[in-house]
Every structure is written in structure tokens, then in C-alpha cells.
>>> print(open('data-v3.cif').read())   # mmCIF, C-alpha atoms and all ligand atoms
data_protein
loop_
_atom_site.label_atom_id
_atom_site.label_comp_id
_atom_site.auth_asym_id
_atom_site.auth_seq_id
_atom_site.Cartn_x
_atom_site.Cartn_y
_atom_site.Cartn_z
CA MET B 1 111.11 79.52 111.64
CA GLU B 2 107.70 81.15 111.53
CA GLY B 3 107.31 84.37 113.46
CA THR B 4 110.96 84.83 114.34
CA GLY B 5 111.95 87.07 111.46
CA GLN B 6 114.50 84.51 110.31
CA ARG B 7 113.82 84.59 106.59
CA PRO B 8 117.05 83.96 104.70
CA ALA B 9 118.07 85.73 101.50
CA PRO B 10 117.12 86.04 98.77
CA ARG B 11 114.08 88.07 99.70
CA SER B 12 112.18 90.21 97.23
CA VAL B 13 112.83 93.78 98.37
CA PHE B 14 111.16 96.94 97.04
CA VAL B 15 112.62 100.35 97.89
CA THR B 16 110.88 103.53 96.75
CA GLY B 17 113.24 106.34 95.80
CA GLY B 18 116.07 103.82 95.76
CA ASN B 19 117.92 105.44 92.88
CA ARG B 20 119.88 107.85 95.08
CA GLY B 21 120.48 109.11 98.61
CA ILE B 22 119.26 107.12 101.59
CA GLY B 23 117.17 104.82 99.39
CA LEU B 24 120.19 103.78 97.34
CA ALA B 25 122.19 103.03 100.50
CA ILE B 26 119.30 100.86 101.75
CA ALA B 27 119.00 99.06 98.41
CA ARG B 28 122.74 98.38 98.33
CA ARG B 29 122.59 96.94 101.84
CA PHE B 30 119.94 94.39 100.86
CA ALA B 31 121.67 93.54 97.59
CA ALA B 32 124.94 92.96 99.44
CA ALA B 33 123.10 90.49 101.70
CA GLY B 34 122.00 88.52 98.63
CA ASP B 35 118.45 89.83 98.32
CA ARG B 36 116.75 90.67 95.03
CA VAL B 37 116.12 94.38 95.09
CA ALA B 38 113.82 96.58 93.00
CA VAL B 39 114.15 100.34 93.30
CA THR B 40 111.74 102.92 91.99
CA CYS B 41 112.91 105.90 90.03
CA ARG B 42 111.24 108.70 88.11
CA GLY B 43 114.22 110.00 86.17
CA ALA B 44 117.80 109.01 86.85
CA GLU B 45 118.32 105.29 87.41
CA PRO B 46 120.86 103.88 89.86
CA PRO B 47 124.24 102.94 88.35
CA ALA B 48 123.78 99.79 86.23
CA ALA B 49 126.61 98.03 88.04
CA GLU B 50 124.63 98.05 91.28
CA GLY B 51 122.62 94.99 90.21
CA LEU B 52 119.35 96.63 91.22
CA LEU B 53 116.16 96.34 89.19
CA ALA B 54 115.03 99.87 88.33
CA VAL B 55 111.27 100.27 87.95
CA ARG B 56 109.57 103.51 86.89
CA CYS B 57 107.24 104.85 89.53
CA ASP B 58 105.96 108.10 90.91
CA VAL B 59 104.46 107.24 94.29
CA THR B 60 101.75 109.87 93.85
CA ASP B 61 100.21 107.71 91.09
CA SER B 62 98.49 104.45 92.12
CA GLN B 63 98.63 103.02 88.59
CA GLN B 64 102.38 103.54 88.40
CA VAL B 65 102.73 101.92 91.83
CA ASP B 66 100.75 98.91 90.65
CA GLN B 67 102.77 98.60 87.44
CA ALA B 68 106.08 98.88 89.32
CA PHE B 69 105.03 96.11 91.70
CA LYS B 70 104.01 93.91 88.76
CA GLU B 71 107.48 94.35 87.22
CA ALA B 72 109.25 93.69 90.52
CA GLU B 73 107.09 90.64 91.26
CA ALA B 74 107.61 89.22 87.75
CA ALA B 75 111.38 89.43 88.24
CA HIS B 76 111.76 88.67 91.95
CA GLY B 77 108.51 87.15 93.25
CA PRO B 78 106.10 88.68 95.78
CA VAL B 79 107.60 91.55 97.72
CA GLY B 80 108.58 90.46 101.22
CA VAL B 81 110.35 93.63 102.32
CA LEU B 82 109.00 97.07 101.48
CA VAL B 83 110.90 100.24 102.29
CA ALA B 84 108.78 103.36 101.73
CA ASN B 85 111.61 105.83 101.43
CA ALA B 86 110.57 108.25 98.66
CA GLY B 87 110.19 111.70 100.11
CA ALA B 88 110.32 115.35 99.25
CA THR B 89 110.26 118.72 100.99
CA HIS B 90 108.73 122.03 100.02
CA ASP B 91 109.55 124.34 102.89
CA ARG B 92 107.52 127.47 103.62
CA LEU B 93 106.36 129.26 106.74
CA LEU B 94 102.67 128.58 107.25
CA LEU B 95 101.50 132.06 106.29
CA THR B 96 103.06 131.74 102.85
CA MET B 97 102.28 128.03 102.38
CA SER B 98 99.68 127.35 99.70
CA GLU B 99 97.29 124.42 99.94
CA ALA B 100 99.17 122.81 97.05
CA ASP B 101 102.49 123.20 98.94
CA PHE B 102 100.92 121.28 101.81
CA THR B 103 98.99 118.60 99.98
CA SER B 104 101.76 117.79 97.50
CA VAL B 105 104.21 117.07 100.32
CA VAL B 106 101.62 114.95 102.14
CA ASP B 107 100.83 113.15 98.88
CA THR B 108 104.45 112.10 98.36
CA ASN B 109 105.56 111.40 101.93
CA LEU B 110 102.41 109.99 103.53
CA THR B 111 99.88 108.97 100.88
CA GLY B 112 102.76 107.58 98.80
CA ALA B 113 103.63 105.25 101.68
CA PHE B 114 99.97 104.25 101.97
CA ARG B 115 99.85 103.42 98.23
CA VAL B 116 102.90 101.17 98.29
CA ALA B 117 102.03 99.51 101.61
CA ARG B 118 98.52 98.70 100.42
CA ARG B 119 99.87 97.27 97.18
CA ALA B 120 102.54 95.23 98.96
CA MET B 121 100.08 93.82 101.48
CA ARG B 122 98.46 91.42 98.98
CA GLY B 123 101.67 89.54 98.38
CA MET B 124 102.70 89.67 102.03
CA LEU B 125 99.41 88.15 103.19
CA GLY B 126 99.76 85.50 100.49
CA GLN B 127 103.22 84.44 101.61
CA GLY B 128 102.52 84.96 105.31
CA PHE B 129 105.57 87.17 105.67
CA GLY B 130 106.29 90.85 105.37
CA ARG B 131 108.52 93.62 106.64
CA ILE B 132 107.41 97.19 106.02
CA VAL B 133 109.76 100.00 106.96
CA LEU B 134 108.63 103.60 106.58
CA ILE B 135 111.25 106.34 106.38
CA SER B 136 110.04 109.25 108.46
CA SER B 137 112.16 112.06 109.95
CA THR B 138 113.02 113.61 113.28
CA ALA B 139 110.89 116.51 112.01
CA ALA B 140 107.92 114.23 112.77
CA LEU B 141 108.92 114.03 116.42
CA HIS B 142 110.23 117.53 117.14
CA GLY B 143 108.69 119.66 114.39
CA ALA B 144 110.68 122.10 112.28
CA ALA B 145 109.99 125.71 111.37
CA GLY B 146 109.03 125.94 107.71
CA GLN B 147 108.23 122.24 107.52
CA SER B 148 104.67 121.98 108.87
CA ASN B 149 103.69 120.08 105.70
CA TYR B 150 106.66 117.70 105.84
CA ALA B 151 106.54 117.19 109.63
CA ALA B 152 102.79 116.49 109.52
CA ALA B 153 103.27 113.95 106.72
CA LYS B 154 106.18 112.25 108.48
CA ALA B 155 104.29 112.18 111.80
CA GLY B 156 101.37 110.62 109.94
CA LEU B 157 103.61 107.67 109.10
CA VAL B 158 103.86 106.85 112.82
CA GLY B 159 100.08 106.58 113.25
CA PHE B 160 99.89 104.66 110.00
CA ALA B 161 102.52 102.11 111.07
CA ARG B 162 100.93 101.62 114.47
CA SER B 163 97.47 101.16 112.98
CA LEU B 164 98.80 98.53 110.57
CA THR B 165 100.48 96.83 113.52
CA HIS B 166 97.07 96.46 115.17
CA GLU B 167 95.45 95.30 111.91
CA LEU B 168 98.12 92.69 111.25
CA GLY B 169 97.94 91.18 114.72
CA PRO B 170 99.77 87.89 115.05
CA ARG B 171 100.76 87.56 111.39
CA ASP B 172 104.48 87.56 110.64
CA ILE B 173 104.13 90.94 108.94
CA THR B 174 105.60 93.95 110.71
CA CYS B 175 105.46 97.68 110.11
CA ASN B 176 107.97 100.03 111.70
CA VAL B 177 109.31 103.52 111.25
CA VAL B 178 112.86 104.85 110.96
CA ALA B 179 113.28 108.55 111.74
CA PRO B 180 116.58 109.90 110.45
CA GLY B 181 118.07 113.18 111.56
CA LEU B 182 120.06 115.27 109.15
CA THR B 183 121.67 112.87 106.69
CA GLU B 184 124.31 113.57 104.03
CA THR B 185 122.25 113.54 100.79
CA ASP B 186 120.97 115.96 98.14
CA MET B 187 118.07 116.80 100.47
CA SER B 188 120.29 118.06 103.28
CA ARG B 189 122.70 119.71 100.84
CA ALA B 190 119.81 122.00 99.88
CA LEU B 191 119.87 123.55 103.40
CA THR B 192 121.71 126.79 104.04
CA GLU B 193 124.93 126.61 106.05
CA ARG B 194 123.15 128.40 108.87
CA GLN B 195 120.34 125.81 108.97
CA ARG B 196 122.90 123.01 108.99
CA GLN B 197 124.85 124.58 111.83
CA THR B 198 121.68 125.12 113.88
CA LEU B 199 120.68 121.48 113.47
CA LEU B 200 124.18 120.21 114.19
CA GLY B 201 124.28 122.33 117.34
CA ARG B 202 121.43 120.18 118.69
CA THR B 203 123.10 116.91 117.72
CA PRO B 204 125.41 115.30 120.29
CA ALA B 205 127.19 113.32 117.56
CA GLY B 206 128.22 116.67 116.07
CA ARG B 207 127.92 115.47 112.49
CA LEU B 208 125.37 114.43 109.91
CA ALA B 209 124.37 110.80 109.49
CA HIS B 210 125.79 108.83 106.60
CA PRO B 211 123.06 107.14 104.52
CA ASP B 212 124.59 103.76 105.44
CA GLU B 213 123.77 104.48 109.08
CA VAL B 214 120.08 104.79 108.19
CA ALA B 215 120.39 101.54 106.21
CA ASP B 216 121.71 99.85 109.40
CA ALA B 217 118.39 100.48 111.16
CA VAL B 218 116.34 99.40 108.15
CA ALA B 219 118.31 96.16 107.82
CA PHE B 220 117.72 95.44 111.50
CA LEU B 221 113.96 95.96 111.17
CA ALA B 222 113.85 93.78 108.06
CA GLY B 223 115.10 90.91 110.19
CA ALA B 224 113.29 91.59 113.44
CA GLY B 225 110.00 89.73 113.83
CA TYR B 226 108.95 90.97 117.26
CA VAL B 227 109.63 94.70 116.83
CA ARG B 228 106.35 96.22 115.74
CA GLY B 229 104.98 99.75 115.51
CA ALA B 230 108.34 101.11 116.68
CA VAL B 231 109.96 104.40 115.77
CA ILE B 232 113.74 104.15 115.61
CA PRO B 233 115.51 107.51 115.60
CA VAL B 234 118.80 107.61 113.69
CA ASP B 235 119.71 111.11 114.72
CA GLY B 236 123.09 111.21 116.43
CA GLY B 237 121.38 111.56 119.80
CA ALA B 238 119.44 114.74 118.95
CA GLY B 239 116.25 113.33 120.47
CA LEU B 240 117.99 111.16 123.09
CA GLY B 241 116.08 108.11 121.91
CA HIS B 242 112.78 109.86 121.16
P1 LIG B 301 116.90 112.74 98.25
O1 LIG B 301 116.29 114.06 97.93
O2 LIG B 301 118.36 112.54 98.08
O3 LIG B 301 116.13 111.58 97.47
C1 LIG B 301 114.72 111.54 97.49
C2 LIG B 301 114.28 110.29 96.81
O4 LIG B 301 112.85 110.25 96.83
C3 LIG B 301 114.72 110.23 95.35
O5 LIG B 301 114.99 108.91 95.01
C4 LIG B 301 113.47 110.74 94.64
O6 LIG B 301 113.36 110.28 93.31
C5 LIG B 301 112.40 110.11 95.49
N1 LIG B 301 111.10 110.74 95.29
C6 LIG B 301 110.73 111.98 95.62
N2 LIG B 301 109.46 112.21 95.26
C7 LIG B 301 109.02 111.05 94.67
C8 LIG B 301 107.80 110.65 94.08
N3 LIG B 301 106.75 111.46 94.01
N4 LIG B 301 107.72 109.40 93.58
C9 LIG B 301 108.78 108.56 93.63
N5 LIG B 301 109.96 108.89 94.18
C10 LIG B 301 110.07 110.12 94.69
O7 LIG B 301 116.47 112.48 99.73
P2 LIG B 301 117.06 111.51 100.85
O8 LIG B 301 117.71 110.34 100.28
O9 LIG B 301 117.78 112.36 101.80
O10 LIG B 301 115.67 111.12 101.56
C11 LIG B 301 115.17 109.79 101.58
C12 LIG B 301 114.09 109.76 102.65
O11 LIG B 301 114.67 110.09 103.91
C13 LIG B 301 112.97 110.75 102.41
O12 LIG B 301 111.74 110.20 102.79
C14 LIG B 301 113.32 111.90 103.34
O13 LIG B 301 112.19 112.64 103.70
C15 LIG B 301 113.93 111.14 104.50
N6 LIG B 301 114.81 111.93 105.36
C16 LIG B 301 115.94 112.53 104.86
C17 LIG B 301 116.75 113.26 105.70
C18 LIG B 301 118.00 113.94 105.23
O14 LIG B 301 118.58 114.76 105.99
N7 LIG B 301 118.51 113.68 104.04
C19 LIG B 301 116.43 113.42 107.13
C20 LIG B 301 115.22 112.74 107.52
C21 LIG B 301 114.45 112.03 106.67
P3 LIG B 301 113.93 111.15 92.06
O15 LIG B 301 115.39 110.83 91.94
O16 LIG B 301 113.10 110.67 90.94
O17 LIG B 301 113.70 112.59 92.41
#
>>> encode(input="data-v3.cif", output="C-alpha cells", more="lines below")
Ligand code: NDP
Amino acid sequence: MEGTGQRPAPRSVFVTGGNRGIGLAIARRFAAAGDRVAVTCRGAEPPAAEGLLAVRCDVTDSQQVDQAFKEAEAAHGPVGVLVANAGATHDRLLLTMSEADFTSVVDTNLTGAFRVARRAMRGMLGQGFGRIVLISSTAALHGAAGQSNYAAAKAGLVGFARSLTHELGPRDITCNVVAPGLTETDMSRALTERQRQTLLGRTPAGRLAHPDEVADAVAFLAGAGYVRGAVIPVDGGAGLGH
């Protein structure tokens, strides 16, 4: 039914950074629902048994993005669900942060999402259907010392999603944001024990998120047709809904 979000599997799904961590959990969720899933990777591919199509792509390179979409589309058809998940940190206090420290993190987390969303839009407009989910962070909403580059990039995703929501108007193409709190992956394992304990102290759930719990929110948004420009925190209550 048009406009209701009820598009049955198999959908063509494209997940950036889907070879590990949160992205892999998201990719597995769609594959388990019967969708055809392409995941980008730069080095290590996801385990072959996962049934995911691995496509080479660094999201800081528009040509690689275009090539990865061509491969995914050739195998699965036009992308109907895009999850811009690829992300990286490079933490520094502002006084010691170089311009490259700042721009490289923005390039991956924010401009990378722009590159894949722009590329996906062609196919979505053509098929009159699309679900774009951008993986942000609670750092976007609350800030984090040492992460001015990362928090600015992740906050930028919110303005980006809401602007696309206005541009897309009544079309059955949505763009929403998921903002995870601390989640059990390589990225959070890089924190010191003290940093982890400080963050957990502010989290009513008293534990980190499991990547599958972020995938829950993404799967919901991939089905929801009337949720647009929203930011869904998956943070164990740290922001009490904000
Ligand atoms: P990981 O460090 O475990 O994985 C990061 C993923 O992003 C990898 O697949 C990595 O690919 C990919 N990636 C990084 N840079 C690029 C690039 N330039 N081009 C293509 N792919 C790239 O992180 P998580 O799984 O934890 O993070 C996933 C998302 O969730 C990120 O956007 C992150 O900012 C966000 N997030 C994570 C939180 C956490 O606590 N873990 C909390 C809040 C948000 P490769 O294997 O090639 O390096």
C-alpha cells in the first residue's frame, strides 16, 4: 500500500560499514527478514556464511560510493533501504585538535552520509520508495569532551535528515536518525575503563547497548512510513528520550 511503509521483503538494503559492529548487526537483521543486503567494507569482509554481499567502499570517496552502489544494484536492484552507519572517531581536546583531525571525522561521519544518501536518492525516486536511516550518536545531542569533531558531525546528520524530510515532501521516502549511546563494539572497547564508568554512571539502564538493540530501532524505521525527520535515541535512558 503506497505511503504506509508496508513494503514486503525482499528489499534491496545497503549498509555502510556493515562488515562489523553495529552495521553488521543491522545487516543481519535485514537479511534475517529476507531482504537482500549489501554491506560496504574497506578491509575485512563480513563472515561469508552471513549471506551478505560485500562491496568495497570508503565513504570518503564519491567514486567508490558510486561503484559500490552499481555492484549492489546489479545484484539486488535499486536500493530501497539505506543505512548510513560508517563512522569513526579521532578524539582530541580542541586546543590540540588539528584541522585534519576535525575535517577527517566530519568527512567520514557527515559528508560520507551525504555521499551515500545522494547516490541512493536516484533509485529511490525512480521506484517511489525509500528509507534512509542515519546512525548518529548521543554525542550529537549532549556533546562529549574530546569529541567536538565527532559530535559536530553527528549533530549535522540531524539537520541533514530534517532538510531531506522537507525536500522529499509527500513522497514515500523517509529519512530518520538513530542516536545510539555507548554500544558494545570495537569503538567503545577503545575507551578507557574510567571513560566507560563515567558514561555508564549517566545511564539508567546501567549497561552498554548491544548492537542488536540499535538494529531494533533501524528495523522499525525501515518499516515506518509516517515517521520522518525523527531522532530516536537508543541510549538506555541516558537522555530520557532526548
Ligand atoms: P566500529 O568501529 O566497530 O565500526 C565502524 C564501521 O565503520 C566499520 O565497519 C568501519 O569499516 C566503518 N568505517 C569507518 N570509516 C569508514 C570509511 N571512511 N568508509 C567506509 N567505512 C568506514 O564502530 P561501531 O559499529 O560501534 O559504530 C557504527 C556507527 O555507530 C558509527 O557511525 C558510530 O559513530 C556509531 N555509534 C557507535 C557507538 C558505540 O558506542 N559503539 C555509540 C554511538 C554511535 P572498517 O572495518 O573498514 O574499518
>>> residues_near_ligand(input="data-v3.cif", ligand="ligand LIG 301 (chain B)", cutoff="7 Å", atoms="all atoms listed in the file", output="PyMOL selection string")
chain B and resi 16-23+40-44+57-60+85-89+108-109+135-138+179-188
>>> axis_aligned_box(input="data-v3.cif", around="range 22-41 of chain B", padding_each_side="6 Å", output="lines of an AutoDock Vina configuration file")
center_x = 118.3
center_y = 97.8
center_z = 95.9
size_x = 25.2
size_y = 30.6
size_z = 23.8
>>> residues_around(input="data-v3.cif", residues="Ala72 in chain B", least_positions_apart="5", cutoff="12 Å", atoms="all atoms listed in the file", output="JSON list (two decimals) with C-alpha atoms, keeping the file's coordinate frame")
[["chain", "number", "residue", "atom", "x", "y", "z"],
["B", 11, "ARG", "CA", 114.08, 88.07, 99.70],
["B", 12, "SER", "CA", 112.18, 90.21, 97.23],
["B", 13, "VAL", "CA", 112.83, 93.78, 98.37],
["B", 14, "PHE", "CA", 111.16, 96.94, 97.04],
["B", 15, "VAL", "CA", 112.62, 100.35, 97.89],
["B", 16, "THR", "CA", 110.88, 103.53, 96.75],
["B", 36, "ARG", "CA", 116.75, 90.67, 95.03],
["B", 37, "VAL", "CA", 116.12, 94.38, 95.09],
["B", 38, "ALA", "CA", 113.82, 96.58, 93.00],
["B", 39, "VAL", "CA", 114.15, 100.34, 93.30],
["B", 40, "THR", "CA", 111.74, 102.92, 91.99],
["B", 52, "LEU", "CA", 119.35, 96.63, 91.22],
["B", 53, "LEU", "CA", 116.16, 96.34, 89.19],
["B", 54, "ALA", "CA", 115.03, 99.87, 88.33],
["B", 55, "VAL", "CA", 111.27, 100.27, 87.95],
["B", 56, "ARG", "CA", 109.57, 103.51, 86.89],
["B", 57, "CYS", "CA", 107.24, 104.85, 89.53],
["B", 65, "VAL", "CA", 102.73, 101.92, 91.83],
["B", 66, "ASP", "CA", 100.75, 98.91, 90.65],
["B", 67, "GLN", "CA", 102.77, 98.60, 87.44],
["B", 77, "GLY", "CA", 108.51, 87.15, 93.25],
["B", 78, "PRO", "CA", 106.10, 88.68, 95.78],
["B", 79, "VAL", "CA", 107.60, 91.55, 97.72],
["B", 80, "GLY", "CA", 108.58, 90.46, 101.22],
["B", 81, "VAL", "CA", 110.35, 93.63, 102.32],
["B", 82, "LEU", "CA", 109.00, 97.07, 101.48],
["B", 120, "ALA", "CA", 102.54, 95.23, 98.96],
["B", 123, "GLY", "CA", 101.67, 89.54, 98.38]]
>>> residues_around(input="data-v3.cif", residues="range 155-164 of chain B", least_positions_apart="5", cutoff="8 Å", atoms="only C-alpha atoms", output="compact mmCIF listing (two decimals) with C-alpha atoms, in the coordinates of the input")
# COMPACT_ATOMS: atom_id res chain seq x y z
CA LEU B 110 102.41 109.99 103.53
CA ALA B 113 103.63 105.25 101.68
CA LEU B 134 108.63 103.60 106.58
CA SER B 136 110.04 109.25 108.46
CA ALA B 139 110.89 116.51 112.01
CA ALA B 140 107.92 114.23 112.77
CA LEU B 141 108.92 114.03 116.42
CA CYS B 175 105.46 97.68 110.11
CA ASN B 176 107.97 100.03 111.70
CA VAL B 177 109.31 103.52 111.25
CA ARG B 228 106.35 96.22 115.74
CA GLY B 229 104.98 99.75 115.51
CA ALA B 230 108.34 101.11 116.68
CA VAL B 231 109.96 104.40 115.77
>>> closest_residue(input="data-v3.cif", among="B:Glu73, B:Glu193, B:Asp91, B:Asp107", to="Met124 in chain B", atoms="all atoms listed in the file")
B:Glu73
>>> closest_residue(input="data-v3.cif", among="B:Pro170, B:Ala151, B:Leu125, B:Val116", to="Gln64 in chain B", atoms="all atoms listed in the file")
B:Val116
>>> closest_residue(input="data-v3.cif", among="B:Arg189, B:Leu95, B:Arg115, B:Arg29", to="Ala68 in chain B", atoms="all atoms listed in the file")
B:Arg115
>>> closest_residue(input="data-v3.cif", among="B:Leu191, B:Val234, B:Leu240, B:Val106", to="Pro211 in chain B", atoms="all atoms listed in the file")
B:Val234
